[in-house]
$ cat upload03.csv   # CSV, C-alpha atoms
chain,number,residue,atom,x,y,z
A,26,LEU,CA,-14.6,-38.4,76.1
A,27,LYS,CA,-11.6,-38.1,78.4
A,28,LEU,CA,-9.0,-35.5,77.8
A,29,ASN,CA,-5.5,-36.7,78.3
A,30,THR,CA,-2.5,-34.4,78.1
A,31,ASN,CA,-0.3,-37.3,77.1
A,32,GLN,CA,-2.2,-38.2,74.0
A,33,LYS,CA,-2.0,-36.5,70.6
A,34,PRO,CA,-4.1,-33.3,70.1
A,35,LEU,CA,-7.7,-34.0,69.2
A,36,VAL,CA,-9.3,-32.6,66.1
A,37,MET,CA,-12.7,-30.9,66.3
A,38,GLY,CA,-14.8,-30.7,63.2
A,39,ILE,CA,-17.0,-27.6,63.0
A,40,LEU,CA,-20.6,-28.1,61.8
A,41,ASN,CA,-22.6,-24.8,61.5
A,42,VAL,CA,-26.3,-25.5,61.0
A,43,THR,CA,-27.0,-21.9,60.4
A,44,PRO,CA,-28.0,-19.8,57.3
A,45,ASP,CA,-25.4,-17.1,58.0
A,46,SER,CA,-22.1,-18.5,59.3
A,47,PHE,CA,-18.9,-17.0,58.1
A,48,SER,CA,-17.5,-19.8,56.0
A,49,ASP,CA,-20.3,-22.3,55.3
A,50,GLY,CA,-23.5,-20.4,56.1
A,51,GLY,CA,-26.5,-22.3,54.6
A,52,LYS,CA,-24.6,-25.3,53.4
A,53,TYR,CA,-25.7,-27.5,56.3
A,54,SER,CA,-28.9,-25.9,57.5
A,55,GLN,CA,-30.9,-28.9,56.6
A,56,THR,CA,-30.8,-31.9,59.0
A,57,ASN,CA,-29.9,-34.5,56.3
A,58,THR,CA,-27.0,-32.5,54.8
A,59,ALA,CA,-25.7,-31.6,58.3
A,60,VAL,CA,-25.7,-35.2,59.4
A,61,LYS,CA,-24.0,-36.3,56.2
A,62,ARG,CA,-21.3,-33.7,56.7
A,63,ALA,CA,-20.8,-34.8,60.3
A,64,LEU,CA,-20.2,-38.4,59.2
A,65,GLU,CA,-17.9,-37.2,56.5
A,66,MET,CA,-15.8,-35.4,59.1
A,67,LEU,CA,-15.8,-38.5,61.2
A,68,GLU,CA,-14.4,-40.5,58.3
A,69,GLN,CA,-11.8,-37.8,57.6
A,70,GLY,CA,-10.4,-38.1,61.1
A,71,ALA,CA,-12.4,-35.7,63.4
A,72,ASP,CA,-12.4,-36.8,67.0
A,73,ILE,CA,-15.2,-34.4,68.1
A,74,ILE,CA,-18.0,-32.7,66.2
A,75,ASP,CA,-18.9,-29.2,67.3
A,76,ILE,CA,-22.4,-28.2,66.4
A,77,GLY,CA,-23.5,-24.6,66.3
A,78,GLY,CA,-27.0,-23.2,65.6
A,79,GLU,CA,-26.3,-19.5,66.0
A,80,SER,CA,-23.8,-17.6,63.9
A,81,SER,CA,-21.0,-15.7,65.7
A,82,ARG,CA,-19.4,-14.1,62.7
A,83,PRO,CA,-18.6,-10.4,63.0
A,84,GLY,CA,-21.8,-8.4,62.8
A,85,SER,CA,-24.1,-11.3,63.3
A,86,LYS,CA,-27.4,-10.9,65.2
A,87,ARG,CA,-28.7,-13.0,68.0
A,88,ILE,CA,-31.5,-15.5,67.6
A,89,SER,CA,-34.0,-16.9,70.2
A,90,SER,CA,-33.3,-20.0,72.2
A,91,GLN,CA,-36.1,-21.9,70.5
A,92,GLN,CA,-34.7,-21.1,67.0
A,93,GLU,CA,-31.4,-22.4,68.1
A,94,ILE,CA,-32.9,-25.6,69.7
A,95,ASP,CA,-34.9,-26.2,66.5
A,96,ARG,CA,-31.7,-26.1,64.4
A,97,ILE,CA,-29.4,-28.3,66.5
A,98,ILE,CA,-31.5,-30.9,68.3
A,99,PRO,CA,-32.7,-32.8,65.2
A,100,VAL,CA,-29.1,-33.0,64.0
A,101,ILE,CA,-27.8,-34.2,67.3
A,102,GLU,CA,-30.5,-36.9,67.4
A,103,GLU,CA,-29.7,-38.1,63.9
A,104,ILE,CA,-25.9,-38.2,64.6
A,105,ARG,CA,-26.5,-40.2,67.7
A,106,LYS,CA,-28.4,-42.8,65.6
A,107,ASN,CA,-25.3,-43.3,63.5
A,108,SER,CA,-22.3,-42.7,65.8
A,109,ASP,CA,-21.2,-42.3,69.4
A,110,ILE,CA,-18.6,-39.7,68.4
A,111,PRO,CA,-18.1,-37.0,71.1
A,112,ILE,CA,-20.4,-34.0,70.4
A,113,SER,CA,-19.7,-30.5,71.4
A,114,VAL,CA,-22.6,-27.9,71.4
A,115,ASP,CA,-21.6,-24.3,70.6
A,116,THR,CA,-24.1,-22.2,72.5
A,117,THR,CA,-24.3,-19.3,75.0
A,118,LYS,CA,-27.8,-20.0,76.2
A,119,ALA,CA,-28.6,-22.0,79.4
A,120,SER,CA,-31.9,-23.2,77.9
A,121,VAL,CA,-30.1,-24.6,74.9
A,122,MET,CA,-27.5,-26.3,77.1
A,123,LYS,CA,-30.3,-27.9,79.2
A,124,GLU,CA,-32.0,-29.3,76.1
A,125,SER,CA,-28.7,-30.5,74.5
A,126,ILE,CA,-27.4,-32.5,77.4
A,127,LYS,CA,-30.4,-34.8,77.2
A,128,PHE,CA,-28.6,-36.4,74.2
A,129,LYS,CA,-25.3,-37.5,75.7
A,130,ILE,CA,-23.2,-34.7,74.5
A,131,GLN,CA,-19.7,-34.3,75.9
A,132,ILE,CA,-18.8,-30.6,75.6
A,133,ILE,CA,-20.6,-27.3,76.0
A,134,ASN,CA,-18.6,-24.8,74.0
A,135,ASP,CA,-19.6,-21.3,75.1
A,136,ILE,CA,-18.0,-18.3,73.4
A,137,SER,CA,-19.4,-16.1,76.2
A,138,SER,CA,-17.8,-18.1,79.0
A,139,LEU,CA,-21.1,-18.9,80.8
A,140,SER,CA,-22.3,-15.3,80.8
A,141,ASP,CA,-25.8,-16.7,81.2
A,142,THR,CA,-25.6,-17.3,84.9
A,143,ASP,CA,-28.4,-20.0,84.8
A,144,SER,CA,-25.7,-22.1,83.1
A,145,PHE,CA,-23.9,-22.9,86.3
A,146,LYS,CA,-26.8,-24.7,88.0
A,147,ILE,CA,-27.6,-26.6,84.8
A,148,LEU,CA,-24.0,-27.8,84.3
A,149,LYS,CA,-22.7,-28.1,87.8
A,150,ASP,CA,-23.6,-31.7,88.3
A,151,LYS,CA,-23.3,-32.9,84.7
A,152,ASN,CA,-20.3,-35.0,83.7
A,153,ILE,CA,-19.4,-32.9,80.6
A,154,TYR,CA,-16.6,-30.6,79.7
A,155,ILE,CA,-17.1,-26.8,79.4
A,156,CYS,CA,-15.1,-24.6,77.1
A,157,LEU,CA,-14.6,-21.0,78.2
A,158,MET,CA,-13.6,-18.6,75.5
A,159,HIS,CA,-12.3,-15.1,75.5
A,160,MET,CA,-14.2,-12.5,73.4
A,161,LYS,CA,-13.8,-8.8,73.5
A,162,GLY,CA,-17.3,-7.4,73.1
A,163,THR,CA,-20.1,-9.4,71.4
A,164,PRO,CA,-20.3,-10.8,67.8
A,165,ASP,CA,-22.0,-7.7,66.5
A,166,ASN,CA,-19.3,-5.3,67.7
A,167,MET,CA,-16.2,-7.4,68.5
A,168,GLN,CA,-14.2,-6.4,65.4
A,169,ASP,CA,-14.9,-2.6,65.8
A,170,ASN,CA,-11.3,-1.6,66.4
A,171,PRO,CA,-10.4,-3.9,69.3
A,172,GLU,CA,-7.5,-2.6,71.4
A,173,TYR,CA,-5.4,-4.2,74.2
A,174,ASP,CA,-2.4,-2.9,76.2
A,175,ASP,CA,-1.1,-6.5,76.3
A,176,VAL,CA,-3.4,-9.0,74.6
A,177,VAL,CA,-1.7,-12.1,76.0
A,178,MET,CA,-1.9,-10.9,79.6
A,179,GLU,CA,-5.5,-9.6,79.3
A,180,VAL,CA,-6.7,-12.9,77.7
A,181,SER,CA,-4.9,-15.0,80.3
A,182,SER,CA,-6.2,-12.9,83.1
A,183,PHE,CA,-9.8,-13.1,81.8
A,184,LEU,CA,-9.6,-16.9,81.4
A,185,GLU,CA,-8.0,-17.3,84.9
A,186,ASN,CA,-10.8,-15.4,86.5
A,187,LYS,CA,-13.4,-17.5,84.6
A,188,ILE,CA,-11.7,-20.7,85.8
A,189,LYS,CA,-11.9,-19.4,89.4
A,190,THR,CA,-15.6,-18.4,89.0
A,191,CYS,CA,-16.4,-21.9,87.7
A,192,ILE,CA,-14.6,-23.6,90.6
A,193,ASN,CA,-16.4,-21.3,93.1
A,194,GLN,CA,-19.7,-22.5,91.5
A,195,GLY,CA,-18.8,-26.1,92.1
A,196,ILE,CA,-17.4,-27.0,88.7
A,197,SER,CA,-14.0,-28.8,88.9
A,198,LYS,CA,-11.1,-27.4,86.9
A,199,GLU,CA,-10.6,-30.8,85.3
A,200,ARG,CA,-13.9,-30.3,83.4
A,201,LEU,CA,-12.8,-27.0,82.0
A,202,ILE,CA,-11.3,-26.2,78.6
A,203,ILE,CA,-9.9,-22.7,77.7
A,204,ASP,CA,-10.0,-21.0,74.3
A,205,PRO,CA,-8.2,-17.7,73.6
A,206,GLY,CA,-10.8,-16.8,71.0
A,207,PHE,CA,-8.8,-16.3,67.8
A,208,GLY,CA,-10.7,-13.8,65.7
A,209,PHE,CA,-13.2,-12.8,68.4
A,210,GLY,CA,-12.4,-9.2,69.2
A,211,LYS,CA,-8.8,-9.4,67.9
A,212,THR,CA,-6.8,-7.9,65.1
A,213,ILE,CA,-4.5,-10.2,63.0
A,214,GLU,CA,-1.6,-8.9,65.1
A,215,HIS,CA,-3.4,-9.9,68.3
A,216,ASN,CA,-4.1,-13.3,66.9
A,217,TYR,CA,-0.5,-13.8,66.0
A,218,LEU,CA,0.7,-12.8,69.5
A,219,LEU,CA,-1.7,-15.3,71.0
A,220,LEU,CA,-0.5,-18.0,68.7
A,221,LYS,CA,3.1,-17.2,69.5
A,222,ASN,CA,2.4,-17.4,73.2
A,223,LEU,CA,0.2,-20.5,73.3
A,224,GLN,CA,2.5,-22.1,75.9
A,225,LYS,CA,1.6,-19.4,78.4
A,226,LEU,CA,-2.1,-20.3,78.0
A,227,LYS,CA,-1.2,-24.0,78.3
A,228,ASP,CA,0.6,-23.2,81.6
A,229,LEU,CA,-2.7,-21.6,82.8
A,230,HIS,CA,-4.7,-24.8,82.1
A,231,LYS,CA,-3.7,-28.0,80.3
A,232,ASN,CA,-7.0,-28.3,78.4
A,233,LEU,CA,-6.6,-25.8,75.6
A,234,LEU,CA,-8.8,-25.4,72.5
A,235,VAL,CA,-7.4,-23.5,69.5
A,236,GLY,CA,-9.9,-22.6,66.8
A,237,ILE,CA,-8.4,-20.9,63.7
A,238,SER,CA,-10.4,-20.3,60.5
A,239,ILE,CA,-8.9,-20.9,57.1
A,240,VAL,CA,-9.0,-17.1,56.4
A,241,ILE,CA,-7.1,-16.4,59.6
A,242,LEU,CA,-4.7,-19.2,59.0
A,243,PHE,CA,-3.7,-17.8,55.5
A,244,LEU,CA,-3.3,-14.4,57.0
A,245,PHE,CA,-1.0,-15.9,59.7
A,246,PHE,CA,1.2,-17.4,57.0
A,247,PHE,CA,1.4,-14.1,55.2
A,248,ILE,CA,2.5,-12.2,58.3
A,249,ILE,CA,4.9,-14.9,59.4
A,250,PHE,CA,6.6,-15.4,56.1
A,251,SER,CA,6.8,-11.7,55.4
A,252,SER,CA,8.5,-11.2,58.8
A,253,ASN,CA,10.8,-14.3,58.8
A,254,LYS,CA,9.2,-15.9,61.8
A,255,ALA,CA,8.0,-19.2,60.3
A,256,SER,CA,9.9,-21.2,62.9
A,257,ILE,CA,7.8,-19.7,65.7
A,258,LEU,CA,4.6,-20.7,64.0
A,259,LEU,CA,5.8,-24.3,63.6
A,260,MET,CA,7.0,-24.4,67.2
A,261,SER,CA,3.6,-23.1,68.4
A,262,PHE,CA,1.7,-25.7,66.5
$ encode --input "upload03.csv" --output "structure tokens"
Amino acid sequence: LKLNTNQKPLVMGILNVTPDSFSDGGKYSQTNTAVKRALEMLEQGADIIDIGGESSRPGSKRISSQQEIDRIIPVIEEIRKNSDIPISVDTTKASVMKESIKFKIQIINDISSLSDTDSFKILKDKNIYICLMHMKGTPDNMQDNPEYDDVVMEVSSFLENKIKTCINQGISKERLIIDPGFGFGKTIEHNYLLLKNLQKLKDLHKNLLVGISIVILFLFFFIIFSSNKASILLMSF
């Protein structure tokens, strides 16, 4: 996988191999059904498959590293037998990252932005991308009345500092991807303001991941059409 700002946007298919994820919890918790779904998304046009073994829905609880490894590694192994599609692993744990990179994955997608400091030494010399996401709080409390003075400025500042930290740890900026974290410690209005100002985040770093759930997308449409700002949404996309 090589990100190129001159090419069309890439589509990431989300595969939750958990019993309790927000939209599809339990549907793909078995290896065979998870692999089948991954191959379906590939046929439907996905450029990347993002595999997560720990739910990050609001109010979700953390699981052990071994539980997470037991959920995702068999799926990665089976996908690799059938396809060389780029794989992203959604994890916050250094030990899960270490195990996953044995299987030629291309992206570590960390909603905690490498809060596990052991991640740096594991990823420093690996030729893979690292996605840094903004989240206010943790999944179990992030939606408990999140507040910002200026959500765009605060998210941008957070991500800029995370980029600097990675560079100081020996990880090149070219290997980084930033994600404003729609729905992670944000109200609908916060999400809308971030969507409206995506270009400011793109100015911060060219590699930008935007993950919007179906529920949030419908709410965006409701807010936008009720406030006659549809053109801004279309321009932002």
$ closest_residue --input "upload03.csv" --among "A:Val36, A:Ile147, A:Asp95, A:Leu157" --to "Gly70 in chain A" --atoms "all atoms listed in the file"
A:Val36
$ closest_residue --input "upload03.csv" --among "A:Asn186, A:Glu65, A:Gln55, A:Gly38" --to "Ile237 in chain A" --atoms "only C-alpha atoms"
A:Gly38
$ closest_residue --input "upload03.csv" --among "A:Glu172, A:Asp109, A:Asp228, A:Asp75" --to "Ile97 in chain A" --atoms "only C-alpha atoms"
A:Asp75
$ residues_around --input "upload03.csv" --residues "Asp115 in chain A" --least-positions-apart "4" --cutoff "8 Å" --atoms "all atoms listed in the file" --output "PDB file with C-alpha atoms, keeping the file's coordinate frame"
ATOM      1  CA  ASP A  75     -18.900 -29.200  67.300  1.00  0.00           C
ATOM      2  CA  ILE A  76     -22.400 -28.200  66.400  1.00  0.00           C
ATOM      3  CA  GLY A  77     -23.500 -24.600  66.300  1.00  0.00           C
ATOM      4  CA  GLY A  78     -27.000 -23.200  65.600  1.00  0.00           C
ATOM      5  CA  ILE A 133     -20.600 -27.300  76.000  1.00  0.00           C
ATOM      6  CA  ASN A 134     -18.600 -24.800  74.000  1.00  0.00           C
ATOM      7  CA  ASP A 135     -19.600 -21.300  75.100  1.00  0.00           C
ATOM      8  CA  ILE A 136     -18.000 -18.300  73.400  1.00  0.00           C
TER       9      ILE A 136
END
$ atom_distance --input "upload03.csv" --atom1 "CA of Leu201 in chain A" --atom2 "CA of Tyr154 in chain A"
5.7 Å
$ atom_distance --input "upload03.csv" --atom1 "CA of Ser182 in chain A" --atom2 "CA of Val235 in chain A"
17.3 Å
$ residues_around --input "upload03.csv" --residues "Lys231 in chain A" --least-positions-apart "6" --cutoff "12 Å" --atoms "only C-alpha atoms" --output "JSON list (two decimals) with C-alpha atoms, keeping the file's coordinate frame"
[["chain", "number", "residue", "atom", "x", "y", "z"],
["A", 28, "LEU", "CA", -9.00, -35.50, 77.80],
["A", 29, "ASN", "CA", -5.50, -36.70, 78.30],
["A", 30, "THR", "CA", -2.50, -34.40, 78.10],
["A", 31, "ASN", "CA", -0.30, -37.30, 77.10],
["A", 34, "PRO", "CA", -4.10, -33.30, 70.10],
["A", 198, "LYS", "CA", -11.10, -27.40, 86.90],
["A", 199, "GLU", "CA", -10.60, -30.80, 85.30],
["A", 200, "ARG", "CA", -13.90, -30.30, 83.40],
["A", 201, "LEU", "CA", -12.80, -27.00, 82.00],
["A", 202, "ILE", "CA", -11.30, -26.20, 78.60],
["A", 203, "ILE", "CA", -9.90, -22.70, 77.70],
["A", 204, "ASP", "CA", -10.00, -21.00, 74.30],
["A", 223, "LEU", "CA", 0.20, -20.50, 73.30],
["A", 224, "GLN", "CA", 2.50, -22.10, 75.90],
["A", 225, "LYS", "CA", 1.60, -19.40, 78.40]]
